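input_20.tsv (TSV, C-alpha atoms)
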```tsv
chain	number	residue	atom	x	y	z
A	1	MET	CA	1.21	26.91	-51.51
A	2	GLU	CA	-1.10	29.59	-50.14
A	3	LYS	CA	-0.71	30.36	-46.46
A	4	LYS	CA	-3.49	29.42	-44.08
A	5	LEU	CA	-4.23	30.84	-40.66
A	6	ARG	CA	-6.69	29.78	-37.97
A	7	GLN	CA	-8.65	32.41	-36.10
A	8	ALA	CA	-7.20	33.65	-32.83
A	9	GLN	CA	-8.98	32.37	-29.74
A	10	GLY	CA	-8.44	33.68	-26.21
A	11	ASN	CA	-6.24	36.53	-25.06
A	12	TRP	CA	-3.06	35.53	-26.85
A	13	VAL	CA	-1.78	33.34	-29.67
A	14	ASP	CA	1.44	31.56	-30.55
A	15	GLY	CA	2.70	28.87	-32.89
A	16	ASP	CA	0.55	28.33	-35.99
A	17	ARG	CA	-1.87	31.12	-34.97
A	18	PHE	CA	0.87	33.74	-34.67
A	19	TRP	CA	1.12	36.19	-37.56
A	20	GLY	CA	3.05	39.13	-38.86
A	21	ARG	CA	5.71	39.97	-36.29
A	22	GLU	CA	8.81	38.29	-37.71
A	23	ASN	CA	10.78	41.53	-37.90
A	24	ASP	CA	9.81	42.45	-34.33
A	25	LEU	CA	10.85	38.99	-33.15
A	26	ALA	CA	14.22	39.31	-34.88
A	27	ILE	CA	14.92	42.74	-33.39
A	28	LEU	CA	13.83	41.74	-29.89
A	29	THR	CA	15.86	38.53	-30.06
A	30	ARG	CA	18.96	40.53	-30.93
A	31	MET	CA	18.31	42.94	-28.05
A	32	ILE	CA	17.80	40.04	-25.62
A	33	ASP	CA	20.96	38.27	-26.81
A	34	GLU	CA	22.86	41.50	-26.20
A	35	GLY	CA	21.59	41.56	-22.61
A	36	ALA	CA	19.13	44.44	-22.87
A	37	HIS	CA	16.24	45.08	-20.53
A	38	ILE	CA	13.21	46.04	-22.62
A	39	SER	CA	9.98	47.94	-22.12
A	40	ILE	CA	7.43	47.19	-24.83
A	41	VAL	CA	5.49	50.33	-25.72
A	42	ALA	CA	2.21	49.81	-27.53
A	43	GLN	CA	-1.46	50.54	-27.36
A	44	ARG	CA	-4.06	47.97	-26.35
A	45	ARG	CA	-4.73	44.86	-28.48
A	46	MET	CA	-1.46	45.20	-30.37
A	47	GLY	CA	-0.42	41.65	-29.50
A	48	LYS	CA	2.16	42.33	-26.76
A	49	THR	CA	1.34	39.20	-24.74
A	50	SER	CA	1.30	37.05	-27.89
A	51	LEU	CA	4.68	38.46	-28.86
A	52	MET	CA	6.16	37.56	-25.46
A	53	LYS	CA	4.67	34.05	-25.55
A	54	GLU	CA	6.06	33.48	-29.04
A	55	LEU	CA	9.46	34.77	-27.98
A	56	ALA	CA	9.43	32.37	-25.04
A	57	GLY	CA	8.69	29.45	-27.35
A	58	ARG	CA	11.44	30.34	-29.79
A	59	LEU	CA	14.11	31.13	-27.20
A	60	SER	CA	13.47	28.31	-24.74
A	61	ASP	CA	16.44	26.33	-26.02
A	62	ARG	CA	18.94	28.87	-24.69
A	63	TYR	CA	17.02	30.85	-22.05
A	64	ILE	CA	14.85	29.99	-19.08
A	65	CYS	CA	11.79	31.97	-20.17
A	66	LEU	CA	9.51	33.04	-17.33
A	67	TYR	CA	6.17	34.80	-17.84
A	68	LEU	CA	4.89	36.77	-14.85
A	69	ASP	CA	1.38	38.27	-15.07
A	70	LEU	CA	0.71	41.03	-12.49
A	71	GLN	CA	-2.80	41.86	-13.68
A	72	GLU	CA	-4.42	40.78	-10.40
A	73	GLU	CA	-1.67	41.88	-8.01
A	74	ASN	CA	-1.94	44.92	-5.74
A	75	ALA	CA	1.31	45.19	-3.80
A	76	PRO	CA	5.03	44.32	-3.99
A	77	ALA	CA	4.55	41.31	-1.71
A	78	ASP	CA	1.96	39.96	-4.18
A	79	ALA	CA	4.44	40.37	-7.04
A	80	VAL	CA	7.22	38.55	-5.16
A	81	ALA	CA	4.87	35.66	-4.29
A	82	ALA	CA	3.79	35.47	-7.94
A	83	LEU	CA	7.44	35.45	-9.03
A	84	ALA	CA	8.14	32.55	-6.68
A	85	MET	CA	5.17	30.59	-8.03
A	86	ILE	CA	6.23	30.76	-11.69
A	87	LEU	CA	9.43	28.93	-10.74
A	88	LYS	CA	7.47	25.80	-9.78
A	89	PRO	CA	7.79	24.08	-13.21
A	90	HIS	CA	11.60	24.44	-13.04
A	91	GLU	CA	12.77	21.78	-10.62
A	92	SER	CA	16.17	23.19	-9.61
A	93	LEU	CA	14.82	26.71	-9.18
A	94	TRP	CA	11.75	25.52	-7.29
A	95	ARG	CA	13.86	23.46	-4.90
A	96	LYS	CA	15.79	26.58	-3.89
A	97	THR	CA	12.58	28.60	-3.72
A	98	LYS	CA	11.02	26.11	-1.31
A	99	ALA	CA	14.09	26.41	0.89
A	100	LEU	CA	13.79	30.20	0.83
A	101	PHE	CA	10.17	30.00	2.00
A	102	SER	CA	10.63	27.00	4.30
A	103	ASN	CA	9.26	28.97	7.24
A	104	VAL	CA	5.79	29.21	5.67
A	105	LEU	CA	5.85	25.89	3.84
A	106	HIS	CA	6.99	23.81	6.82
A	107	ALA	CA	3.39	22.80	7.61
A	108	VAL	CA	3.23	20.92	4.32
A	109	SER	CA	6.88	19.90	4.19
A	110	GLY	CA	7.26	16.72	2.21
A	111	THR	CA	3.81	17.03	0.59
A	112	VAL	CA	4.08	20.52	-0.89
A	113	GLU	CA	3.99	19.08	-4.42
A	114	GLU	CA	0.67	17.39	-3.70
A	115	ILE	CA	-1.36	20.41	-2.63
A	116	SER	CA	-2.95	22.80	-5.11
A	117	VAL	CA	-1.03	25.61	-6.76
A	118	SER	CA	-3.45	28.17	-5.31
A	119	ASP	CA	-2.85	26.86	-1.78
A	120	ILE	CA	0.91	27.11	-2.24
A	121	GLY	CA	0.47	30.65	-3.53
A	122	ILE	CA	-1.60	31.60	-0.49
A	123	LYS	CA	1.04	30.19	1.85
A	124	LEU	CA	3.84	32.02	0.05
A	125	ARG	CA	1.89	35.29	0.20
A	126	SER	CA	1.20	34.82	3.92
A	127	GLY	CA	4.93	34.79	4.56
A	128	LEU	CA	5.51	38.16	2.90
A	129	ASP	CA	4.82	41.65	4.21
A	130	ALA	CA	6.07	45.22	3.92
A	131	GLY	CA	9.07	44.33	6.07
A	132	ASN	CA	10.49	41.34	4.18
A	133	TRP	CA	9.23	41.28	0.58
A	134	MET	CA	12.32	43.11	-0.65
A	135	ASP	CA	14.81	40.72	0.98
A	136	LYS	CA	12.90	37.67	-0.24
A	137	GLY	CA	12.66	39.18	-3.70
A	138	ASP	CA	16.38	39.90	-3.78
A	139	GLU	CA	17.05	36.27	-2.91
A	140	LEU	CA	14.73	35.09	-5.69
A	141	PHE	CA	16.71	37.17	-8.18
A	142	ARG	CA	19.95	35.67	-6.84
A	143	ILE	CA	18.46	32.19	-7.38
A	144	LEU	CA	17.58	33.13	-10.96
A	145	SER	CA	21.03	34.58	-11.61
A	146	LYS	CA	22.64	31.23	-10.73
A	147	SER	CA	20.47	29.11	-13.04
A	148	GLU	CA	22.05	26.88	-15.66
A	149	LYS	CA	20.89	29.15	-18.49
A	150	PRO	CA	20.33	32.92	-18.69
A	151	VAL	CA	16.85	34.00	-17.63
A	152	LEU	CA	14.36	36.01	-19.67
A	153	LEU	CA	11.80	37.37	-17.20
A	154	MET	CA	8.75	38.77	-19.01
A	155	ILE	CA	6.58	40.83	-16.67
A	156	ASP	CA	3.14	41.54	-18.11
A	157	GLU	CA	0.58	44.07	-16.82
A	158	ILE	CA	3.01	45.78	-14.48
A	159	PRO	CA	1.39	49.16	-15.34
A	160	LEU	CA	-1.95	47.96	-13.95
A	161	MET	CA	-0.37	46.96	-10.65
A	162	VAL	CA	1.63	50.19	-10.41
A	163	ASN	CA	-1.46	52.26	-11.21
A	164	ARG	CA	-3.45	50.51	-8.46
A	165	MET	CA	-0.63	51.17	-6.02
A	166	LEU	CA	-0.53	54.85	-6.96
A	167	ARG	CA	-4.28	55.27	-6.49
A	168	ALA	CA	-4.70	53.04	-3.44
A	169	GLY	CA	-7.08	54.43	-0.82
A	170	ASP	CA	-9.63	57.19	-1.18
A	171	GLU	CA	-7.30	60.15	-1.67
A	172	GLY	CA	-5.84	59.31	-5.07
A	173	ILE	CA	-2.14	59.76	-5.76
A	174	THR	CA	-0.65	60.51	-2.34
A	175	LYS	CA	2.96	60.94	-1.22
A	176	GLU	CA	2.77	57.61	0.57
A	177	ASN	CA	1.53	55.85	-2.57
A	178	ILE	CA	4.27	57.45	-4.64
A	179	THR	CA	6.86	56.31	-2.09
A	180	ASN	CA	5.55	52.72	-2.25
A	181	VAL	CA	5.71	52.66	-6.04
A	182	ASP	CA	9.16	54.25	-6.03
A	183	ARG	CA	10.37	51.58	-3.59
A	184	PHE	CA	9.00	48.73	-5.72
A	185	MET	CA	10.19	50.02	-9.11
A	186	SER	CA	13.60	51.02	-7.69
A	187	TRP	CA	13.96	47.52	-6.24
A	188	LEU	CA	13.21	46.02	-9.65
A	189	ARG	CA	15.66	48.43	-11.27
A	190	LYS	CA	18.37	47.57	-8.73
A	191	ASN	CA	18.06	43.85	-9.47
A	192	SER	CA	18.03	44.42	-13.22
A	193	ILE	CA	21.35	46.24	-12.90
A	194	GLU	CA	22.90	43.89	-10.35
A	195	HIS	CA	22.19	40.80	-12.45
A	196	GLN	CA	22.82	42.34	-15.86
A	197	GLY	CA	23.90	39.62	-18.28
A	198	LYS	CA	22.38	36.83	-16.18
A	199	ILE	CA	18.77	38.07	-16.26
A	200	ARG	CA	16.97	40.01	-18.97
A	201	ILE	CA	13.71	41.73	-17.96
A	202	MET	CA	10.94	42.61	-20.38
A	203	LEU	CA	8.08	44.84	-19.22
A	204	SER	CA	4.70	45.19	-20.89
A	205	GLY	CA	1.06	45.98	-20.21
A	206	SER	CA	-2.33	46.93	-21.64
A	207	ILE	CA	-1.85	50.53	-20.50
A	208	GLY	CA	1.34	52.52	-20.83
A	209	LEU	CA	3.82	52.23	-17.95
A	210	GLU	CA	5.67	55.47	-18.64
A	211	PRO	CA	2.57	57.71	-18.51
A	212	VAL	CA	1.53	56.10	-15.22
A	213	LEU	CA	4.97	56.69	-13.69
A	214	HIS	CA	5.22	60.17	-15.19
A	215	GLN	CA	2.14	61.30	-13.28
A	216	ALA	CA	4.02	60.49	-10.06
A	217	GLY	CA	7.32	61.96	-11.22
A	218	LEU	CA	8.95	58.52	-11.36
A	219	SER	CA	9.85	58.14	-15.04
A	220	ALA	CA	13.54	57.74	-14.15
A	221	VAL	CA	12.98	54.34	-12.52
A	222	ILE	CA	12.69	52.73	-15.98
A	223	ASN	CA	15.50	54.61	-17.72
A	224	ASN	CA	17.60	51.43	-17.87
A	225	TYR	CA	14.95	49.72	-20.03
A	226	GLN	CA	15.20	50.13	-23.78
A	227	PRO	CA	11.75	51.09	-25.11
A	228	TYR	CA	10.50	49.07	-28.04
A	229	ASP	CA	7.61	50.57	-29.99
A	230	LEU	CA	5.33	47.77	-31.16
A	231	LYS	CA	3.46	49.36	-34.05
A	232	PRO	CA	0.22	48.36	-35.78
A	233	TRP	CA	0.45	46.03	-38.74
A	234	ASP	CA	1.07	47.75	-42.04
A	235	PHE	CA	-1.63	47.36	-44.70
A	236	GLU	CA	0.25	44.57	-46.48
A	237	THR	CA	0.62	42.47	-43.31
A	238	ALA	CA	-3.03	43.01	-42.35
A	239	ALA	CA	-4.27	42.13	-45.83
A	240	GLY	CA	-2.04	39.04	-45.81
A	241	CYS	CA	-3.60	37.97	-42.52
A	242	LEU	CA	-7.11	38.37	-43.97
A	243	ARG	CA	-6.13	36.29	-47.02
A	244	ALA	CA	-4.57	33.54	-44.91
A	245	LEU	CA	-7.70	33.39	-42.74
A	246	ALA	CA	-9.88	33.26	-45.85
A	247	ASN	CA	-7.78	30.43	-47.30
A	248	ASN	CA	-8.23	28.39	-44.12
A	249	TYR	CA	-12.01	28.89	-43.96
A	250	GLU	CA	-12.63	28.68	-47.73
A	251	ILE	CA	-13.80	32.26	-48.14
A	252	GLU	CA	-13.28	33.97	-51.48
A	253	TYR	CA	-12.80	37.73	-51.58
A	254	GLU	CA	-14.13	39.53	-54.64
A	255	ASP	CA	-12.89	42.88	-55.97
A	256	ASP	CA	-10.08	42.99	-53.39
A	257	ALA	CA	-12.52	43.07	-50.48
A	258	GLU	CA	-9.70	42.46	-48.01
A	259	LEU	CA	-7.98	45.68	-49.11
A	260	VAL	CA	-11.21	47.62	-48.56
A	261	MET	CA	-11.45	46.11	-45.07
A	262	VAL	CA	-7.94	47.22	-44.24
A	263	GLU	CA	-8.56	50.74	-45.51
A	264	LYS	CA	-11.75	50.92	-43.46
A	265	LEU	CA	-9.89	50.11	-40.26
A	266	GLY	CA	-7.24	52.70	-41.01
A	267	CYS	CA	-4.99	51.58	-38.16
A	268	CYS	CA	-4.43	47.83	-38.38
A	269	ILE	CA	-4.45	46.70	-34.77
A	270	PRO	CA	-4.11	42.89	-35.00
A	271	HIS	CA	-7.11	42.10	-32.80
A	272	HIS	CA	-9.35	44.44	-34.79
A	273	VAL	CA	-8.27	42.74	-38.03
A	274	GLN	CA	-9.19	39.39	-36.50
A	275	ILE	CA	-12.65	40.44	-35.30
A	276	PHE	CA	-13.40	42.02	-38.71
A	277	PHE	CA	-12.64	38.69	-40.36
A	278	SER	CA	-14.74	36.88	-37.76
A	279	SER	CA	-17.69	39.06	-38.79
A	280	VAL	CA	-17.11	38.17	-42.44
A	281	TYR	CA	-16.91	34.45	-41.68
A	282	THR	CA	-20.05	34.47	-39.52
A	283	MET	CA	-22.02	36.30	-42.20
A	284	CYS	CA	-20.86	33.93	-44.96
A	285	MET	CA	-21.74	30.87	-42.87
A	286	HIS	CA	-25.22	32.16	-42.06
A	287	ARG	CA	-26.09	32.85	-45.67
A	288	LYS	CA	-24.26	29.71	-46.94
A	289	ASN	CA	-22.33	31.73	-49.50
A	290	MET	CA	-18.57	31.91	-48.95
A	291	ARG	CA	-17.96	34.76	-51.38
A	292	PHE	CA	-17.49	38.20	-49.83
A	293	ARG	CA	-17.65	41.28	-52.07
A	294	ALA	CA	-15.92	44.63	-51.63
A	295	ASP	CA	-19.27	46.45	-51.76
A	296	GLU	CA	-20.38	44.53	-48.65
A	297	VAL	CA	-17.58	45.86	-46.45
A	298	ARG	CA	-19.25	49.11	-45.44
A	299	ASP	CA	-22.54	47.57	-44.32
A	300	LEU	CA	-20.77	44.84	-42.35
A	301	TYR	CA	-18.50	47.41	-40.72
A	302	GLU	CA	-21.48	49.53	-39.66
A	303	SER	CA	-23.63	46.66	-38.42
A	304	GLU	CA	-21.00	44.48	-36.75
A	305	MET	CA	-17.81	46.38	-35.99
A	306	LEU	CA	-19.74	49.42	-34.80
A	307	GLY	CA	-22.62	47.36	-33.43
A	308	LEU	CA	-22.90	44.95	-30.53
A	309	ARG	CA	-19.92	42.86	-31.68
A	310	GLY	CA	-17.61	45.84	-31.51
A	311	HIS	CA	-19.31	47.40	-28.49
A	312	ALA	CA	-17.82	45.04	-25.90
A	313	GLU	CA	-14.36	45.41	-27.42
A	314	LEU	CA	-14.36	49.18	-27.86
A	315	THR	CA	-16.16	50.16	-24.67
A	316	HIS	CA	-12.98	49.26	-22.83
A	317	TYR	CA	-11.25	52.21	-24.50
A	318	GLU	CA	-13.68	54.51	-22.73
A	319	GLU	CA	-13.63	52.63	-19.42
A	320	ARG	CA	-9.86	52.64	-19.06
A	321	LEU	CA	-9.69	56.45	-19.25
A	322	SER	CA	-10.54	56.39	-15.55
A	323	LEU	CA	-7.23	54.58	-14.95
A	324	TYR	CA	-5.36	57.69	-16.03
A	325	PHE	CA	-7.64	60.62	-15.29
A	326	SER	CA	-9.44	61.84	-12.18
A	327	LYS	CA	-13.22	62.12	-12.17
A	328	GLU	CA	-12.80	65.91	-12.34
A	329	ARG	CA	-10.78	65.68	-15.58
A	330	LEU	CA	-12.76	62.91	-17.30
A	331	PRO	CA	-15.50	65.20	-18.72
A	332	LEU	CA	-12.86	67.31	-20.48
A	333	VAL	CA	-11.04	64.22	-21.79
A	334	LYS	CA	-14.26	62.78	-23.20
A	335	ALA	CA	-15.19	66.13	-24.73
A	336	ILE	CA	-11.81	66.24	-26.48
A	337	LEU	CA	-12.32	62.74	-27.89
A	338	THR	CA	-15.88	63.49	-28.99
A	339	GLU	CA	-14.91	66.75	-30.68
A	340	THR	CA	-12.09	65.01	-32.55
A	341	ALA	CA	-14.32	62.10	-33.60
A	342	VAL	CA	-17.16	64.26	-34.91
A	343	SER	CA	-15.17	67.04	-36.54
A	344	GLY	CA	-12.35	64.78	-37.70
A	345	PHE	CA	-9.65	67.19	-36.53
A	346	LEU	CA	-8.95	68.93	-33.22
A	347	THR	CA	-7.36	72.36	-33.50
A	348	LYS	CA	-5.64	74.26	-30.69
A	349	PRO	CA	-8.29	77.05	-30.54
A	350	VAL	CA	-11.06	74.48	-30.14
A	351	LEU	CA	-9.00	72.60	-27.55
A	352	LEU	CA	-8.64	75.75	-25.47
A	353	GLU	CA	-12.34	76.48	-25.88
A	354	LEU	CA	-13.14	73.04	-24.51
A	355	ARG	CA	-10.84	73.60	-21.56
A	356	ASP	CA	-12.62	76.84	-20.69
A	357	GLU	CA	-16.00	75.16	-21.01
A	358	TYR	CA	-15.28	72.06	-18.92
A	359	THR	CA	-12.95	73.41	-16.25
A	360	PHE	CA	-11.59	76.63	-14.82
A	361	GLN	CA	-8.20	77.40	-16.33
A	362	GLU	CA	-6.44	77.46	-12.97
A	363	ASN	CA	-7.56	73.84	-12.45
A	364	CYS	CA	-6.18	72.74	-15.83
A	365	PRO	CA	-3.06	74.77	-16.62
A	366	ASP	CA	-1.17	74.39	-19.86
A	367	ASP	CA	1.18	71.73	-18.50
A	368	ALA	CA	-1.76	69.63	-17.26
A	369	LEU	CA	-3.47	69.92	-20.65
A	370	ALA	CA	-0.25	68.93	-22.41
A	371	GLU	CA	0.07	65.89	-20.14
A	372	MET	CA	-3.53	64.93	-20.94
A	373	LEU	CA	-2.80	65.01	-24.66
A	374	ARG	CA	0.46	63.12	-24.17
A	375	ILE	CA	-1.38	60.27	-22.48
A	376	LEU	CA	-4.06	60.14	-25.19
A	377	GLN	CA	-1.32	59.90	-27.82
A	378	HIS	CA	0.75	57.34	-25.94
A	379	ASP	CA	-2.22	55.05	-25.38
A	380	GLY	CA	-3.43	55.04	-28.98
A	381	TYR	CA	-6.41	57.39	-28.91
A	382	LEU	CA	-5.07	60.43	-30.78
A	383	ALA	CA	-2.16	61.22	-33.08
A	384	ARG	CA	-0.53	64.61	-33.70
A	385	LYS	CA	-0.97	65.90	-37.23
A	386	LYS	CA	0.37	69.31	-38.25
A	387	GLU	CA	-1.35	71.85	-35.99
A	388	GLY	CA	-3.85	69.55	-34.34
A	389	TYR	CA	-4.93	66.02	-33.49
A	390	VAL	CA	-6.75	63.17	-35.23
A	391	TYR	CA	-7.76	59.64	-34.26
A	392	GLU	CA	-5.10	57.06	-34.98
A	393	SER	CA	-7.68	54.29	-35.43
A	394	GLY	CA	-10.55	54.76	-37.87
A	395	LEU	CA	-12.50	52.10	-36.01
A	396	LEU	CA	-12.12	53.81	-32.64
A	397	ARG	CA	-13.02	57.19	-34.20
A	398	ASP	CA	-16.17	55.85	-35.83
A	399	TRP	CA	-17.24	53.97	-32.71
A	400	TRP	CA	-16.69	56.99	-30.44
A	401	LYS	CA	-18.59	59.21	-32.88
A	402	LYS	CA	-21.52	56.81	-33.01
A	403	ALA	CA	-21.60	56.45	-29.22
A	404	HIS	CA	-21.32	60.17	-28.35
A	405	GLU	CA	-22.46	62.26	-31.33
A	406	GLU	CA	-26.08	62.49	-30.17
A	407	PHE	CA	-25.25	64.98	-27.42
A	408	TYR	CA	-22.52	66.81	-29.31
A	409	THR	CA	-22.78	70.56	-29.99
A	410	ARG	CA	-20.97	71.42	-33.21
A	411	ARG	CA	-18.41	74.22	-32.99
A	412	LYS	CA	-17.68	76.68	-35.72
```

Step by step, read the file and then write its structure as structure tokens.
Amino acid sequence: MEKKLRQAQGNWVDGDRFWGRENDLAILTRMIDEGAHISIVAQRRMGKTSLMKELAGRLSDRYICLYLDLQEENAPADAVAALAMILKPHESLWRKTKALFSNVLHAVSGTVEEISVSDIGIKLRSGLDAGNWMDKGDELFRILSKSEKPVLLMIDEIPLMVNRMLRAGDEGITKENITNVDRFMSWLRKNSIEHQGKIRIMLSGSIGLEPVLHQAGLSAVINNYQPYDLKPWDFETAAGCLRALANNYEIEYEDDAELVMVEKLGCCIPHHVQIFFSSVYTMCMHRKNMRFRADEVRDLYESEMLGLRGHAELTHYEERLSLYFSKERLPLVKAILTETAVSGFLTKPVLLELRDEYTFQENCPDDALAEMLRILQHDGYLARKKEGYVYESGLLRDWWKKAHEEFYTRRK
């Protein structure tokens, strides 16, 4: 029987909408069973959150699986309050947590289960500050370590929180900000070591954690986490996904159209595969013809993936550069990406020419330029190839070229 797959909806998928990560799940499960702490390394839209949610579903019989999202948090006290709140569905853990925070929950003692989750969260946060978040957090980890089953704590978007901490205030990355991040990440590291075997921690995020920490000289605080490189789908997996989607929505590919779609993307980021199919399905429904030909791929790619449909998705790649780079460095970074998109290949001589054009050399020494390129590679913009750089994603390359080529000056 041919496989069928429903389209992904929302920010993550699991169960019957999950596709193509069986080998990753098997490897990660083995690492978790062996007690490893893990840092998932991947570029945006690779399916990291979906992978963690699916892991939680499959391992819930032998682990207490906790998912902690730090996307909106700004400080260690916020993270500790959020950690306390995710224990609420687990009765025995929540009972001990309420006792730990009895000083701030006493006003609603006896009715705490009746008030809203947001109100409980506000009360928990009000009881935490720079002086006690660490002690309270340590006690939460001790509570977790004594649970009836081992704990898998999956912390998502920790790089966003750490990056905000590093750049808090108007002066950018200051010594005080670095000290605050060091204190938080060292605290997390201490608890991961102290409760090894009882608690497994998995870190992830939509930007890379290591490049963020590296800018502050704090890479060592995650050296006890095993990195796991979550790669794009291979062509076979991506094509299989497109076929399963087509089977579910009664679309018929002609002349191996799905293979042409995969080749057009170049780098098969799961979300990009999904939105390409969505464009195919929408077009077929509008014209009331569910056959999609290979010779239609290019026009659909140009009009939809590089048009308004793709604009909202791909603009984020440009916007998030400001998370890594200062406003003084951004023009050079964008010039590097534009040059690579238009010419197709960035050589070292051209790279140095761009540096001289966009900044004085003393303000961007060789080590700073190397760090810039390292971040662009880590976060999925560029890939090293022989003596230069190319785009890893054909879709991102074509979109960047279309968006920035108008003001580009070709170099010889």

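Separating atom CA of Glu210 of chain A from atom CA of Pro227 of chain A is a distance of 9.9 Å.
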
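Taking only C-alpha atoms into account, Arg298 of chain A lies nearest to A:Lys264 out of the set A:Arg329, A:His316, A:Arg21, A:Lys264.
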
**Message:** as a ChimeraX atom specification, please: the residues near segment 180-197 of chain A (cut-off 9 Å, only C-alpha atoms, same-chain neighbours under 5 positions excluded).
**Reply:** /A:34-37,75-76,134,137-138,141-142,145,150,162-163,165-166,175,213,216,218,221-225

Could you make a table, as a tab-separated table, of the residues of segment 28-130 of chain A that have an atom within 9 Å of an atom of segment 380-386 of chain A, each with its nearest atom pair and distance in Å to one decimal, counting all atoms listed in the file, in chain and number order?
```
residue	atom	partner	partner_atom	distance
A:Ala42	CA	A:Gly380	CA	7.8
A:Gln43	CA	A:Gly380	CA	5.2
A:Arg44	CA	A:Gly380	CA	7.6
```

Anything within 10 Å of (-3.7, 56.4, -7.6): list those residues as a PDB file with C-alpha atoms, in the frame of the given file, counting only C-alpha atoms and sticking to the file's coordinates.
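Ended up saving to selection-v2.pdb:
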```
ATOM      1  CA  VAL A 162       1.630  50.190 -10.410  1.00  0.00           C
ATOM      2  CA  ASN A 163      -1.460  52.260 -11.210  1.00  0.00           C
ATOM      3  CA  ARG A 164      -3.450  50.510  -8.460  1.00  0.00           C
ATOM      4  CA  MET A 165      -0.630  51.170  -6.020  1.00  0.00           C
ATOM      5  CA  LEU A 166      -0.530  54.850  -6.960  1.00  0.00           C
ATOM      6  CA  ARG A 167      -4.280  55.270  -6.490  1.00  0.00           C
ATOM      7  CA  ALA A 168      -4.700  53.040  -3.440  1.00  0.00           C
ATOM      8  CA  GLY A 169      -7.080  54.430  -0.820  1.00  0.00           C
ATOM      9  CA  ASP A 170      -9.630  57.190  -1.180  1.00  0.00           C
ATOM     10  CA  GLU A 171      -7.300  60.150  -1.670  1.00  0.00           C
ATOM     11  CA  GLY A 172      -5.840  59.310  -5.070  1.00  0.00           C
ATOM     12  CA  ILE A 173      -2.140  59.760  -5.760  1.00  0.00           C
ATOM     13  CA  THR A 174      -0.650  60.510  -2.340  1.00  0.00           C
ATOM     14  CA  ASN A 177       1.530  55.850  -2.570  1.00  0.00           C
ATOM     15  CA  ILE A 178       4.270  57.450  -4.640  1.00  0.00           C
ATOM     16  CA  VAL A 212       1.530  56.100 -15.220  1.00  0.00           C
ATOM     17  CA  GLN A 215       2.140  61.300 -13.280  1.00  0.00           C
ATOM     18  CA  ALA A 216       4.020  60.490 -10.060  1.00  0.00           C
ATOM     19  CA  LEU A 323      -7.230  54.580 -14.950  1.00  0.00           C
ATOM     20  CA  TYR A 324      -5.360  57.690 -16.030  1.00  0.00           C
ATOM     21  CA  PHE A 325      -7.640  60.620 -15.290  1.00  0.00           C
ATOM     22  CA  SER A 326      -9.440  61.840 -12.180  1.00  0.00           C
TER      23      SER A 326
END
```

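Between Leu242 of chain A and the residues A:Met161, A:Ala257, A:Leu337, A:Leu300, the shortest atom-to-atom distance, using all atoms listed in the file, involves A:Ala257.
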